[in-house]
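Engineer: Here it is: the structure, laid out below.
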There are 4 protein chains.
Amino acid sequence: MMSTPRKPVIAVVGAGKCSKKLRDMACEVGKYVAEKGGVIVCGGMGGIMEGVARGAREAGGLTIGILPTDLKDDANEFIDIVIPTGFGEARNIMVVRAADAVVAFPGKFGTLSEMAFALHAKKPVISVNAWRLSEEIHHAESPEEAAELAMKLAVPSGE
Amino acid sequence: MMSTPRKPVIAVVGAGKCSKKLRDMACEVGKYVAEKGGVIVCGGMGGIMEGVARGAREAGGLTIGILPTDLKDDANEFIDIVIPTGFGEARNIMVVRAADAVVAFPGKFGTLSEMAFALHAKKPVISVNAWRLSEEIHHAESPEEAAELAMKLAVPSGE
Amino acid sequence: MMSTPRKPVIAVVGAGKCSKKLRDMACEVGKYVAEKGGVIVCGGMGGIMEGVARGAREAGGLTIGILPTDLKDDANEFIDIVIPTGFGEARNIMVVRAADAVVAFPGKFGTLSEMAFALHAKKPVISVNAWRLSEEIHHAESPEEAAELAMKLAVPSGE
Amino acid sequence: MMSTPRKPVIAVVGAGKCSKKLRDMACEVGKYVAEKGGVIVCGGMGGIMEGVARGAREAGGLTIGILPTDLKDDANEFIDIVIPTGFGEARNIMVVRAADAVVAFPGKFGTLSEMAFALHAKKPVISVNAWRLSEEIHHAESPEEAAELAMKLAVPSGE
């Protein structure tokens with residue numbers, strides 16, 4: 001019925017505070033996904049979330065930020081569409097549900113909950129040095145490999 | 001810090017099943033908002049939600065659908081970005097929180113809850129023959145007037 | 001299969017800040033419900049919520065408070081079981097879903113959203129001078145009448 | 001201000017389908033917690049959740065079930081107070097937030113998400129052969145040890 005399927009949506013999850021190196025790696029994932037026609041969804045805050053949004057924005061892509069707070073101004077400056085849930089960490093499940101595939105960077109228990117929800121929902125999960133939980137997780141050695149895998153494994157809706 | 005402010009996001013709420021006339025009016029709102037550079041957010045389902053998404057899509061605008069279910073395929077075909085919450089009617093509060101202004105068409109108690117949350121959150125509410133609840137609600141006589149008022153009253157974040 | 005059906009659960013909703021007179025009326029509702037074997041669920045905060053919890057507690061009843069915050073200590077002192085959601089006003093829908101009948105006192109748009117959700121979920125709603133929204137709402141002249149109606153209209157699960 | 005502190009609330013999480021042996025172990029935890037004056041909160045469904053609720057009920061304790069569905073009748077028969085969220089797996093975070101300590105039995109990714117949220121919220125987590133995630137998790141060799149640790153580590157609110 002739809003003439004064109006929706007663009008694939010890639011979630012990128014990871015620590016809200018991280019090293020410059022990790023933020024740059026997330027930035028590379030965002031850039032690659034945007035160049036290949038994907039949309040980035042993330043938690044909208046700092047660290048990995050800011051890195052991936054910056055990369056996607058700079059490559060002309062669309063970025064969605066699903067915030068824990070109910071205040072749009074809490075989003076990082078590279079988020080185009082802000083969804084301020086006011087649900088705290090429970091918004092993690094929405095980041096995952098909005099995605100067709102999930103790229104996970106290192107993070108603490110918030111990131112772990114997102115990976116758990118993604119595995120529960122049977123979404124493809126690509127780890128870049130994140131939690132080792134299950135054989136169902138794909139491992140990538142580089143941002144490019146992670147992004148490529150995510151775009152390949154994502155099954156966008158509307159097809 | 002941001003070079004450009006975010007686009008205004010206009011929520012359009014109303015019945016999931018409605019007359020062709022009302023759906024066409026919602027379509028007009030979507031069209032107008034998109035032409036003026038706004039983004040449409042709605043509940044992603046049928047009726048008013050489908051009408052407004054169609055209008056915005058046809059005018060080249062971006063449409064966000066925040067679903068009650070956790071299944072992307074439940075979104076109507078004019079939704080570009082699907083946020084499948086799995087929260088049932090509790091997603092209504094997220095539709096409102098994502099918006100900078102809310103246009104309300106006639107609807108039942110789900111629509112009423114969205115208007116209540118919008119008033120609670122002190123967002124501008126423009127009614128097109130919807131529930132008469134409060135003097136804080138703006139009334140519009142036509143889709144054009146509703147859309148114009150919404151775009152005028154919306155205060156996008158990031159400015 | 002169950003030897004005994006669950007106790008009826010009565011939600012009492014209304015303003016978080018209110019006059020002593022209204023708080024005392026809510027207290028009467030809580031007392032009556034507890035004496036008749038019902039459980040009180042409310043939003044756990046002040047005003048009407050504190051009044052009803054106090055009344056139920058003093059009559060030996062059980063009180064459940066479903067908080068907007070994620071901090072148990074935000075509950076008023078008459079709440080036995082605290083459910084700290086961290087969901088803000090979206091917790092209103094949970095107060096309603098936990099109930100077999102809803103008694104509504106005057107309140108602002110948060111109360112309105114709870115009444116809207118209750119009507120949407122087809123739960124019995126008994127108003128004590130609250131929002132006049134629909135012919136489906138029952139009106140009570142006194143706390144006793146409200147409590148009596150609520151206990152009569154509640155259909156506890158497990159029967 | 002409160003004359004008596006609230007009773008400690010112990011969450012017990014684990015698979016919705018499990019062996020009779022595990023269900024019996026969960027039952028032992030429920031029984032012990034109830035005997036020591038604690039309240040049981042769980043996800044309200046089958047498996048571990050049914051086991052723990054049965055044990056607590058049989059020992060005269062109070063059981064709270066926070067359901068993924070919005071239907072009270074989905075709760076197992078040993079739940080006294082049903083909170084039907086309609087939030088799907090996102091209700092896991094509420095089970096954790098309602099608790100003063102969390103006992104985790106083996107389970108899949110839903111259980112993992114609950115452990116992740118508990119660690120994120122810095123609640124004491126006692127594992128009975130559940131996911132090995134962090135040094136912050138306490139390990140128990142038996143239901144009795146798990147329940148005893150949970151009651152000891154729980155810091156009820158209102159004190």
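In the structure tokens, the first chain shown is A, the next is B, and so on; residue numbers restart at 1 for each chain, and ligands run from 1 in the order shown.
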Within 10 Å of chain B, which residues of chain A come that close, and what is the closest atom pair and distance in Å for each? Count only C-alpha atoms and give it as a Markdown table.

Structural biologist:
```
| residue | atom | partner | partner_atom | distance |
| --- | --- | --- | --- | --- |
| A:Met1 | CA | B:Glu77 | CA | 7.8 |
| A:Met2 | CA | B:Glu77 | CA | 6.2 |
| A:Ser3 | CA | B:Glu77 | CA | 9.3 |
| A:Thr4 | CA | B:Glu77 | CA | 9.6 |
| A:Pro5 | CA | B:Asp80 | CA | 9.2 |
| A:Arg6 | CA | B:Asp80 | CA | 6.3 |
| A:Lys7 | CA | B:Asp80 | CA | 7.8 |
| A:Pro8 | CA | B:Ile81 | CA | 9.6 |
| A:Val9 | CA | B:Ile81 | CA | 8.3 |
| A:Val39 | CA | B:Ile81 | CA | 8.8 |
| A:Val41 | CA | B:Ile83 | CA | 9.9 |
| A:Ile64 | CA | B:Ile81 | CA | 9.0 |
| A:Ile66 | CA | B:Ala98 | CA | 9.5 |
| A:Asp70 | CA | B:Arg97 | CA | 6.8 |
| A:Leu71 | CA | B:Arg97 | CA | 8.3 |
| A:Lys72 | CA | B:Ser157 | CA | 6.1 |
| A:Asp73 | CA | B:Ser157 | CA | 5.9 |
| A:Asp74 | CA | B:Gly158 | CA | 9.5 |
| A:Ala75 | CA | B:Gly158 | CA | 8.8 |
| A:Asn76 | CA | B:Gly158 | CA | 9.4 |
| A:Glu77 | CA | B:Met2 | CA | 6.2 |
| A:Phe78 | CA | B:Met2 | CA | 8.4 |
| A:Ile79 | CA | B:Arg6 | CA | 8.5 |
| A:Asp80 | CA | B:Arg6 | CA | 6.3 |
| A:Ile81 | CA | B:Arg6 | CA | 7.7 |
| A:Val82 | CA | B:Ala98 | CA | 6.5 |
| A:Ile83 | CA | B:Ala98 | CA | 4.8 |
| A:Pro84 | CA | B:Ala98 | CA | 5.9 |
| A:Thr85 | CA | B:Met94 | CA | 5.7 |
| A:Gly86 | CA | B:Met94 | CA | 8.4 |
| A:Phe87 | CA | B:Met94 | CA | 9.5 |
| A:Arg91 | CA | B:Thr85 | CA | 9.3 |
| A:Ile93 | CA | B:Thr85 | CA | 8.1 |
| A:Met94 | CA | B:Thr85 | CA | 5.7 |
| A:Val95 | CA | B:Ile83 | CA | 8.3 |
| A:Val96 | CA | B:Pro84 | CA | 9.5 |
| A:Arg97 | CA | B:Pro84 | CA | 6.0 |
| A:Ala98 | CA | B:Ile83 | CA | 4.8 |
| A:Ala99 | CA | B:Ile83 | CA | 8.5 |
| A:Asp100 | CA | B:Lys72 | CA | 9.6 |
| A:Ala121 | CA | B:Asp70 | CA | 9.7 |
| A:Pro156 | CA | B:Lys72 | CA | 8.9 |
| A:Ser157 | CA | B:Asp73 | CA | 5.9 |
| A:Gly158 | CA | B:Asp73 | CA | 6.4 |
| A:Glu159 | CA | B:Asp73 | CA | 9.3 |
```

Engineer: When you look at segment 31-36 of chain C with a cut-off of 12 Å (counting only C-alpha atoms), what residues show up, excluding the ones that are within fewer than 6 positions of it in the same chain? I need them as a ChimeraX atom specification.

Structural biologist: /C:7-12,24-25,51-63,101-103,142-152,154

Engineer: So how far away is atom CA of Gly44 of chain B from atom CA of Cys27 of chain B, in Å?

Structural biologist: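 These atoms are spaced 13.6 Å apart.
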
Engineer: Would you please give, as an mmCIF file with N, CA, C and O atoms, in the first residue's frame, all residues of segment 4-88 of chain A that DSSP assigns to strand (DSSP E or B) based on the backbone?

Structural biologist:
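The result, written out as out00.cif:
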```cif
data_model
loop_
_atom_site.group_PDB
_atom_site.id
_atom_site.type_symbol
_atom_site.label_atom_id
_atom_site.label_comp_id
_atom_site.auth_asym_id
_atom_site.auth_seq_id
_atom_site.Cartn_x
_atom_site.Cartn_y
_atom_site.Cartn_z
ATOM 1 N N VAL A 9 15.558 2.874 11.015
ATOM 2 C CA VAL A 9 15.848 3.673 12.215
ATOM 3 C C VAL A 9 16.846 2.899 13.074
ATOM 4 O O VAL A 9 16.581 1.757 13.474
ATOM 5 N N ILE A 10 17.992 3.501 13.321
ATOM 6 C CA ILE A 10 19.049 2.841 14.100
ATOM 7 C C ILE A 10 19.173 3.538 15.459
ATOM 8 O O ILE A 10 19.412 4.742 15.525
ATOM 9 N N ALA A 11 18.983 2.755 16.526
ATOM 10 C CA ALA A 11 19.221 3.287 17.867
ATOM 11 C C ALA A 11 20.695 3.142 18.215
ATOM 12 O O ALA A 11 21.296 2.104 17.926
ATOM 13 N N VAL A 12 21.246 4.160 18.825
ATOM 14 C CA VAL A 12 22.609 4.048 19.340
ATOM 15 C C VAL A 12 22.555 4.369 20.830
ATOM 16 O O VAL A 12 22.072 5.435 21.224
ATOM 17 N N VAL A 13 23.009 3.414 21.644
ATOM 18 C CA VAL A 13 22.932 3.548 23.093
ATOM 19 C C VAL A 13 24.326 3.447 23.706
ATOM 20 O O VAL A 13 25.230 2.858 23.117
ATOM 21 N N VAL A 39 17.908 6.780 9.796
ATOM 22 C CA VAL A 39 17.555 7.785 10.806
ATOM 23 C C VAL A 39 18.161 7.331 12.132
ATOM 24 O O VAL A 39 18.185 6.139 12.428
ATOM 25 N N ILE A 40 18.669 8.283 12.925
ATOM 26 C CA ILE A 40 19.242 7.942 14.236
ATOM 27 C C ILE A 40 18.231 8.240 15.337
ATOM 28 O O ILE A 40 17.656 9.325 15.391
ATOM 29 N N VAL A 41 18.017 7.259 16.219
ATOM 30 C CA VAL A 41 17.259 7.524 17.440
ATOM 31 C C VAL A 41 18.189 7.251 18.615
ATOM 32 O O VAL A 41 19.006 6.317 18.587
ATOM 33 N N CYS A 42 18.101 8.092 19.638
ATOM 34 C CA CYS A 42 18.929 7.880 20.823
ATOM 35 C C CYS A 42 18.245 8.517 22.020
ATOM 36 O O CYS A 42 17.125 9.023 21.905
ATOM 37 N N THR A 63 17.767 13.192 13.249
ATOM 38 C CA THR A 63 18.067 12.652 14.585
ATOM 39 C C THR A 63 16.873 12.836 15.519
ATOM 40 O O THR A 63 16.305 13.918 15.613
ATOM 41 N N ILE A 64 16.524 11.745 16.189
ATOM 42 C CA ILE A 64 15.415 11.731 17.142
ATOM 43 C C ILE A 64 16.007 11.505 18.526
ATOM 44 O O ILE A 64 16.801 10.581 18.709
ATOM 45 N N GLY A 65 15.595 12.302 19.500
ATOM 46 C CA GLY A 65 16.078 12.121 20.876
ATOM 47 C C GLY A 65 14.913 11.883 21.819
ATOM 48 O O GLY A 65 14.045 12.741 21.955
ATOM 49 N N ILE A 66 14.893 10.718 22.449
ATOM 50 C CA ILE A 66 13.813 10.374 23.382
ATOM 51 C C ILE A 66 14.346 10.584 24.795
ATOM 52 O O ILE A 66 15.089 9.759 25.323
ATOM 53 N N LEU A 67 13.948 11.708 25.393
ATOM 54 C CA LEU A 67 14.547 12.152 26.660
ATOM 55 C C LEU A 67 13.940 11.475 27.887
ATOM 56 O O LEU A 67 12.754 11.170 27.904
ATOM 57 N N ILE A 81 14.399 16.145 16.376
ATOM 58 C CA ILE A 81 13.063 15.910 16.931
ATOM 59 C C ILE A 81 13.214 15.418 18.361
ATOM 60 O O ILE A 81 13.791 14.357 18.595
ATOM 61 N N VAL A 82 12.690 16.190 19.293
ATOM 62 C CA VAL A 82 12.821 15.851 20.719
ATOM 63 C C VAL A 82 11.505 15.260 21.223
ATOM 64 O O VAL A 82 10.448 15.868 21.061
ATOM 65 N N ILE A 83 11.588 14.076 21.809
ATOM 66 C CA ILE A 83 10.427 13.454 22.456
ATOM 67 C C ILE A 83 10.726 13.446 23.954
ATOM 68 O O ILE A 83 11.430 12.563 24.446
ATOM 69 N N PRO A 84 10.217 14.407 24.690
ATOM 70 C CA PRO A 84 10.531 14.500 26.129
ATOM 71 C C PRO A 84 9.528 13.682 26.932
ATOM 72 O O PRO A 84 8.408 14.110 27.158
#
```

Engineer: Do you know which residues are at most 12 Å from Phe109 of chain C counting only C-alpha atoms, after dropping those on the same chain fewer than 5 positions away, and could you put them as a list of chain:residue names?

Structural biologist: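 My list of contacting residues is B:Leu112, B:Ser113, B:Glu114, B:Met115, B:Ala116, B:Phe117, B:Ala118, B:Leu119, B:His120, B:Ala121, B:Lys122, B:Leu133, B:Ser134, B:Glu136, C:Val13, C:Gly14, C:Ala15, C:Gly16, C:Glu89, C:Asn92, C:Glu114, C:Met115, C:Ala116, C:Ala130, C:Trp131.
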
Engineer: Provide the atom CA of Asn129 of chain A to atom CA of Glu135 of chain D distance in Å, to one decimal place.

Structural biologist: 19.2 Å

Engineer: Please compute the atom CA of Val155 of chain B-atom CA of Ile137 of chain B distance, one decimal, in Å.

Structural biologist: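 Spanning atom CA of Val155 of chain B to atom CA of Ile137 of chain B is a straight-line distance of 16.4 Å.
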
Engineer: Taking into account only C-alpha atoms, which residue in the set A:Val29, A:Ala104, A:Ser19, A:Thr69 is nearest to Gly88 of chain A?

Structural biologist: A:Thr69

Engineer: Would you please give, as a PyMOL selection string, all residues of segment 35-128 of chain D that DSSP assigns to alpha helix (DSSP H) based on the backbone?

Structural biologist: chain D and resi 35+48-58+91-97+109-120
